[in-house]
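Content type PDB, C-alpha atoms, from the file target-v2.pdb:
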```pdb
ATOM      1  CA  MET A   1     -19.282   1.692   2.706  1.00  0.00           C
ATOM      2  CA  ASN A   2     -15.648   2.622   3.217  1.00  0.00           C
ATOM      3  CA  LEU A   3     -14.362   6.019   2.039  1.00  0.00           C
ATOM      4  CA  LYS A   4     -11.633   4.280   0.029  1.00  0.00           C
ATOM      5  CA  ASP A   5     -14.344   2.528  -2.011  1.00  0.00           C
ATOM      6  CA  VAL A   6     -15.747   5.872  -3.258  1.00  0.00           C
ATOM      7  CA  PHE A   7     -12.770   6.295  -5.599  1.00  0.00           C
ATOM      8  CA  THR A   8     -12.687   3.888  -8.531  1.00  0.00           C
ATOM      9  CA  GLU A   9      -9.917   5.463 -10.603  1.00  0.00           C
ATOM     10  CA  SER A  10      -6.210   5.842  -9.916  1.00  0.00           C
ATOM     11  CA  LYS A  11      -5.800   9.620 -10.174  1.00  0.00           C
ATOM     12  CA  PRO A  12      -3.530  11.831  -8.037  1.00  0.00           C
ATOM     13  CA  LEU A  13      -6.470  14.004  -6.955  1.00  0.00           C
ATOM     14  CA  GLN A  14     -10.154  13.095  -6.795  1.00  0.00           C
ATOM     15  CA  THR A  15     -13.195  14.537  -5.041  1.00  0.00           C
ATOM     16  CA  LYS A  16     -16.659  13.100  -4.627  1.00  0.00           C
ATOM     17  CA  LYS A  17     -19.622  14.626  -2.814  1.00  0.00           C
ATOM     18  CA  ILE A  18     -20.955  11.929  -0.516  1.00  0.00           C
ATOM     19  CA  PHE A  19     -23.657  13.721   1.513  1.00  0.00           C
ATOM     20  CA  THR A  20     -25.861  16.762   0.987  1.00  0.00           C
ATOM     21  CA  SER A  21     -28.326  18.539   3.226  1.00  0.00           C
ATOM     22  CA  ASN A  22     -28.173  22.158   4.352  1.00  0.00           C
ATOM     23  CA  GLU A  23     -24.461  21.460   4.611  1.00  0.00           C
ATOM     24  CA  SER A  24     -22.363  19.536   2.138  1.00  0.00           C
ATOM     25  CA  VAL A  25     -19.793  16.871   2.900  1.00  0.00           C
ATOM     26  CA  THR A  26     -17.152  16.176   0.277  1.00  0.00           C
ATOM     27  CA  THR A  27     -14.514  13.479   0.489  1.00  0.00           C
ATOM     28  CA  ILE A  28     -11.094  14.301  -0.958  1.00  0.00           C
ATOM     29  CA  GLN A  29      -8.412  11.813  -1.945  1.00  0.00           C
ATOM     30  CA  LEU A  30      -4.861  13.071  -2.409  1.00  0.00           C
ATOM     31  CA  MET A  31      -2.127  10.633  -3.316  1.00  0.00           C
ATOM     32  CA  ALA A  32       1.395  11.170  -1.987  1.00  0.00           C
ATOM     33  CA  SER A  33       2.953  14.353  -3.439  1.00  0.00           C
ATOM     34  CA  ALA A  34      -0.368  15.567  -4.900  1.00  0.00           C
ATOM     35  CA  GLN A  35      -1.448  19.150  -4.281  1.00  0.00           C
ATOM     36  CA  LEU A  36      -4.883  20.711  -4.033  1.00  0.00           C
ATOM     37  CA  LYS A  37      -3.982  24.091  -5.489  1.00  0.00           C
ATOM     38  CA  GLU A  38      -4.636  27.496  -3.962  1.00  0.00           C
ATOM     39  CA  HIS A  39      -8.325  28.374  -3.682  1.00  0.00           C
ATOM     40  CA  THR A  40     -10.854  30.027  -1.349  1.00  0.00           C
ATOM     41  CA  THR A  41     -14.207  29.115   0.135  1.00  0.00           C
ATOM     42  CA  LYS A  42     -17.204  31.466   0.363  1.00  0.00           C
ATOM     43  CA  VAL A  43     -18.384  29.922   3.660  1.00  0.00           C
ATOM     44  CA  PRO A  44     -16.627  28.566   6.746  1.00  0.00           C
ATOM     45  CA  ALA A  45     -15.419  24.997   6.226  1.00  0.00           C
ATOM     46  CA  PHE A  46     -14.286  22.134   8.441  1.00  0.00           C
ATOM     47  CA  LEU A  47     -11.568  19.788   7.116  1.00  0.00           C
ATOM     48  CA  VAL A  48     -10.949  16.378   8.721  1.00  0.00           C
ATOM     49  CA  CYS A  49      -8.026  14.091   7.885  1.00  0.00           C
ATOM     50  CA  VAL A  50      -9.365  10.541   7.942  1.00  0.00           C
ATOM     51  CA  THR A  51      -6.130   8.808   6.888  1.00  0.00           C
ATOM     52  CA  GLY A  52      -2.699   9.843   5.680  1.00  0.00           C
ATOM     53  CA  GLU A  53      -0.693  13.007   6.149  1.00  0.00           C
ATOM     54  CA  VAL A  54      -1.240  16.408   4.530  1.00  0.00           C
ATOM     55  CA  PHE A  55      -0.025  19.933   5.095  1.00  0.00           C
ATOM     56  CA  PHE A  56      -2.674  22.665   5.153  1.00  0.00           C
ATOM     57  CA  GLU A  57      -1.360  26.166   4.442  1.00  0.00           C
ATOM     58  CA  ASN A  58      -3.003  29.540   3.966  1.00  0.00           C
ATOM     59  CA  GLU A  59      -2.064  33.051   2.907  1.00  0.00           C
ATOM     60  CA  LYS A  60      -2.035  34.186   6.543  1.00  0.00           C
ATOM     61  CA  GLY A  61       1.021  32.000   7.209  1.00  0.00           C
ATOM     62  CA  THR A  62      -0.776  29.108   8.898  1.00  0.00           C
ATOM     63  CA  LYS A  63       0.903  25.760   8.226  1.00  0.00           C
ATOM     64  CA  GLU A  64      -0.571  22.697   9.942  1.00  0.00           C
ATOM     65  CA  LYS A  65       0.321  19.040   9.519  1.00  0.00           C
ATOM     66  CA  LEU A  66      -2.868  16.956   9.546  1.00  0.00           C
ATOM     67  CA  LEU A  67      -2.732  13.274  10.450  1.00  0.00           C
ATOM     68  CA  SER A  68      -5.553  10.758  10.886  1.00  0.00           C
ATOM     69  CA  GLY A  69      -8.247  12.321  13.084  1.00  0.00           C
ATOM     70  CA  ASP A  70      -6.836  15.864  12.900  1.00  0.00           C
ATOM     71  CA  PHE A  71      -9.045  18.719  11.746  1.00  0.00           C
ATOM     72  CA  ILE A  72      -8.882  22.417  10.931  1.00  0.00           C
ATOM     73  CA  ASN A  73     -11.417  25.208  10.523  1.00  0.00           C
ATOM     74  CA  ILE A  74     -11.027  27.049   7.208  1.00  0.00           C
ATOM     75  CA  GLU A  75     -11.926  30.727   7.094  1.00  0.00           C
ATOM     76  CA  PRO A  76     -13.955  32.105   4.183  1.00  0.00           C
ATOM     77  CA  ALA A  77     -12.160  34.276   1.593  1.00  0.00           C
ATOM     78  CA  VAL A  78      -8.678  33.202   2.748  1.00  0.00           C
ATOM     79  CA  LYS A  79      -6.536  31.515   0.077  1.00  0.00           C
ATOM     80  CA  HIS A  80      -5.412  28.055   1.160  1.00  0.00           C
ATOM     81  CA  TRP A  81      -4.002  24.829  -0.288  1.00  0.00           C
ATOM     82  CA  LEU A  82      -3.092  21.239   0.637  1.00  0.00           C
ATOM     83  CA  ASP A  83       0.054  19.191   0.000  1.00  0.00           C
ATOM     84  CA  ALA A  84      -0.102  15.427   0.583  1.00  0.00           C
ATOM     85  CA  GLN A  85       2.916  13.764   2.142  1.00  0.00           C
ATOM     86  CA  ARG A  86       1.292  10.308   1.994  1.00  0.00           C
ATOM     87  CA  ASP A  87      -1.827   8.918   0.319  1.00  0.00           C
ATOM     88  CA  SER A  88      -4.638  10.670   2.217  1.00  0.00           C
ATOM     89  CA  LEU A  89      -8.415  10.769   2.603  1.00  0.00           C
ATOM     90  CA  LEU A  90     -10.123  13.876   3.968  1.00  0.00           C
ATOM     91  CA  LEU A  91     -13.661  15.064   4.671  1.00  0.00           C
ATOM     92  CA  LEU A  92     -14.628  18.649   3.880  1.00  0.00           C
ATOM     93  CA  ILE A  93     -17.781  19.901   5.578  1.00  0.00           C
ATOM     94  CA  LYS A  94     -19.273  23.280   4.667  1.00  0.00           C
TER
END
```

Could the structure of this file be written out as structure tokens, please?
Amino acid sequence: MNLKDVFTESKPLQTKKIFTSNESVTTIQLMASAQLKEHTTKVPAFLVCVTGEVFFENEKGTKEKLLSGDFINIEPAVKHWLDAQRDSLLLLIK
């Protein structure tokens, strides 16, 4: 199955958990100009950009552009957010 096929609705922001074990893997779809608003995670997380272009920012001043294949480690208890520049698919592993 293709990650694009997980999303059946046309919404600016959608998430769908696609795998669970001791870790969870969540796929995130952000359409161009959509934002995943400021939030934190309780555990370390690993974010992978599968397609598209997004900016990851956090309260510590980190600002990274993520393109297809790029990834970033997300620290627990640090506020962060995403801004999509183009339609994007991401995988969040935590």

Point to revise | Selection dump of the PyMOL selection byres ((chain A and resi 74) around 7), as JSON, numbers by chain | key: {"A": [44, 45, 46, 72, 73, 75, 76]}

Keeping only C-alpha atoms, take the residues you just selected and write them out as a short mmCIF file (atom, residue, chain, number, x, y, z; two decimals), in the frame of the given file.
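Listing of again25.cif after writing:
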```cif
data_model
loop_
_atom_site.label_atom_id
_atom_site.label_comp_id
_atom_site.auth_asym_id
_atom_site.auth_seq_id
_atom_site.Cartn_x
_atom_site.Cartn_y
_atom_site.Cartn_z
CA PRO A 44 -16.63 28.57 6.75
CA ALA A 45 -15.42 25.00 6.23
CA PHE A 46 -14.29 22.13 8.44
CA ILE A 72 -8.88 22.42 10.93
CA ASN A 73 -11.42 25.21 10.52
CA GLU A 75 -11.93 30.73 7.09
CA PRO A 76 -13.96 32.10 4.18
#
```

Given 6 Å on each side, where is the centre and what are the edge lengths in Å to one decimal of the axis-aligned box enclosing the listed atoms of range 60-66 of chain A, as AutoDock Vina command-line options?
```
--center_x -0.9 --center_y 25.6 --center_z 8.2 --size_x 15.9 --size_y 29.2 --size_z 15.4
```

Exercise for review: Might you spell out which residues the PyMOL selection byres ((chain A and resi 61) around 12) would select in the displayed file, as an MDAnalysis selection string?
Suggested key: chainID A and resid 56:60 62:64 78:81

Selected residues written out, C-alpha atoms, as a short mmCIF file (atom, residue, chain, number, x, y, z; two decimals), keeping the file's coordinate frame:
```cif
data_model
loop_
_atom_site.label_atom_id
_atom_site.label_comp_id
_atom_site.auth_asym_id
_atom_site.auth_seq_id
_atom_site.Cartn_x
_atom_site.Cartn_y
_atom_site.Cartn_z
CA PHE A 56 -2.67 22.66 5.15
CA GLU A 57 -1.36 26.17 4.44
CA ASN A 58 -3.00 29.54 3.97
CA GLU A 59 -2.06 33.05 2.91
CA LYS A 60 -2.04 34.19 6.54
CA THR A 62 -0.78 29.11 8.90
CA LYS A 63 0.90 25.76 8.23
CA GLU A 64 -0.57 22.70 9.94
CA VAL A 78 -8.68 33.20 2.75
CA LYS A 79 -6.54 31.52 0.08
CA HIS A 80 -5.41 28.06 1.16
CA TRP A 81 -4.00 24.83 -0.29
#
```

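The gap separating CA of Met31 in chain A from CA of Val6 in chain A is 14.4 Å, in Å to one decimal.
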
Point to revise | Hits of the PyMOL selection byres ((chain A and resi 34) around 7) in this structure, as a PyMOL selection string | key: chain A and resi 12-13+30-33+35-36+83-84

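Here CA of Lys65 in chain A and CA of Glu53 in chain A stand 7.0 Å from one another.
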
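With CA of Ser68 in chain A on one side and CA of Gln85 in chain A on the other, the separation reads 12.5 Å.
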
Give me, as a CSV table (one decimal) with C-alpha atoms, in the frame of the given file, all polymer residues having an atom no more than 12 Å from Glu9 in chain A, counting only C-alpha atoms and skipping those fewer than 6 positions away in the same chain.
```
chain,number,residue,atom,x,y,z
A,15,THR,CA,-13.2,14.5,-5.0
A,16,LYS,CA,-16.7,13.1,-4.6
A,29,GLN,CA,-8.4,11.8,-1.9
A,31,MET,CA,-2.1,10.6,-3.3
```

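Residues within 8 Å of Leu92 in chain A, counting only C-alpha atoms and excluding same-chain residues fewer than 6 positions away, are Ser24, Val25, Thr26, Thr27, Ile28, Ala45, Phe46, Leu47 and Val48 of chain A.
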
Take the selection from the previous step and output its residues with C-alpha atoms, as a compact mmCIF listing (two decimals), in the frame of the given file.
```txt
# COMPACT_ATOMS: atom_id res chain seq x y z
CA SER A 24 -22.36 19.54 2.14
CA VAL A 25 -19.79 16.87 2.90
CA THR A 26 -17.15 16.18 0.28
CA THR A 27 -14.51 13.48 0.49
CA ILE A 28 -11.09 14.30 -0.96
CA ALA A 45 -15.42 25.00 6.23
CA PHE A 46 -14.29 22.13 8.44
CA LEU A 47 -11.57 19.79 7.12
CA VAL A 48 -10.95 16.38 8.72
```

Exercise for review: Using only C-alpha atoms, find the one residue out of A:Asn22, A:Gln14, A:Thr8, A:Thr40 that sits nearest to Ser88 in chain A.
Suggested key: A:Gln14

For Ala77 in chain A, please output as an mmCIF file with C-alpha atoms, in the coordinates of the input all residues within 8 Å (counting only C-alpha atoms; exclusion window: fewer than 4 positions along the same chain).
```
data_model
loop_
_atom_site.group_PDB
_atom_site.id
_atom_site.type_symbol
_atom_site.label_atom_id
_atom_site.label_comp_id
_atom_site.auth_asym_id
_atom_site.auth_seq_id
_atom_site.Cartn_x
_atom_site.Cartn_y
_atom_site.Cartn_z
ATOM 1 C CA THR A 40 -10.854 30.027 -1.349
ATOM 2 C CA THR A 41 -14.207 29.115 0.135
ATOM 3 C CA LYS A 42 -17.204 31.466 0.363
ATOM 4 C CA VAL A 43 -18.384 29.922 3.660
#
```
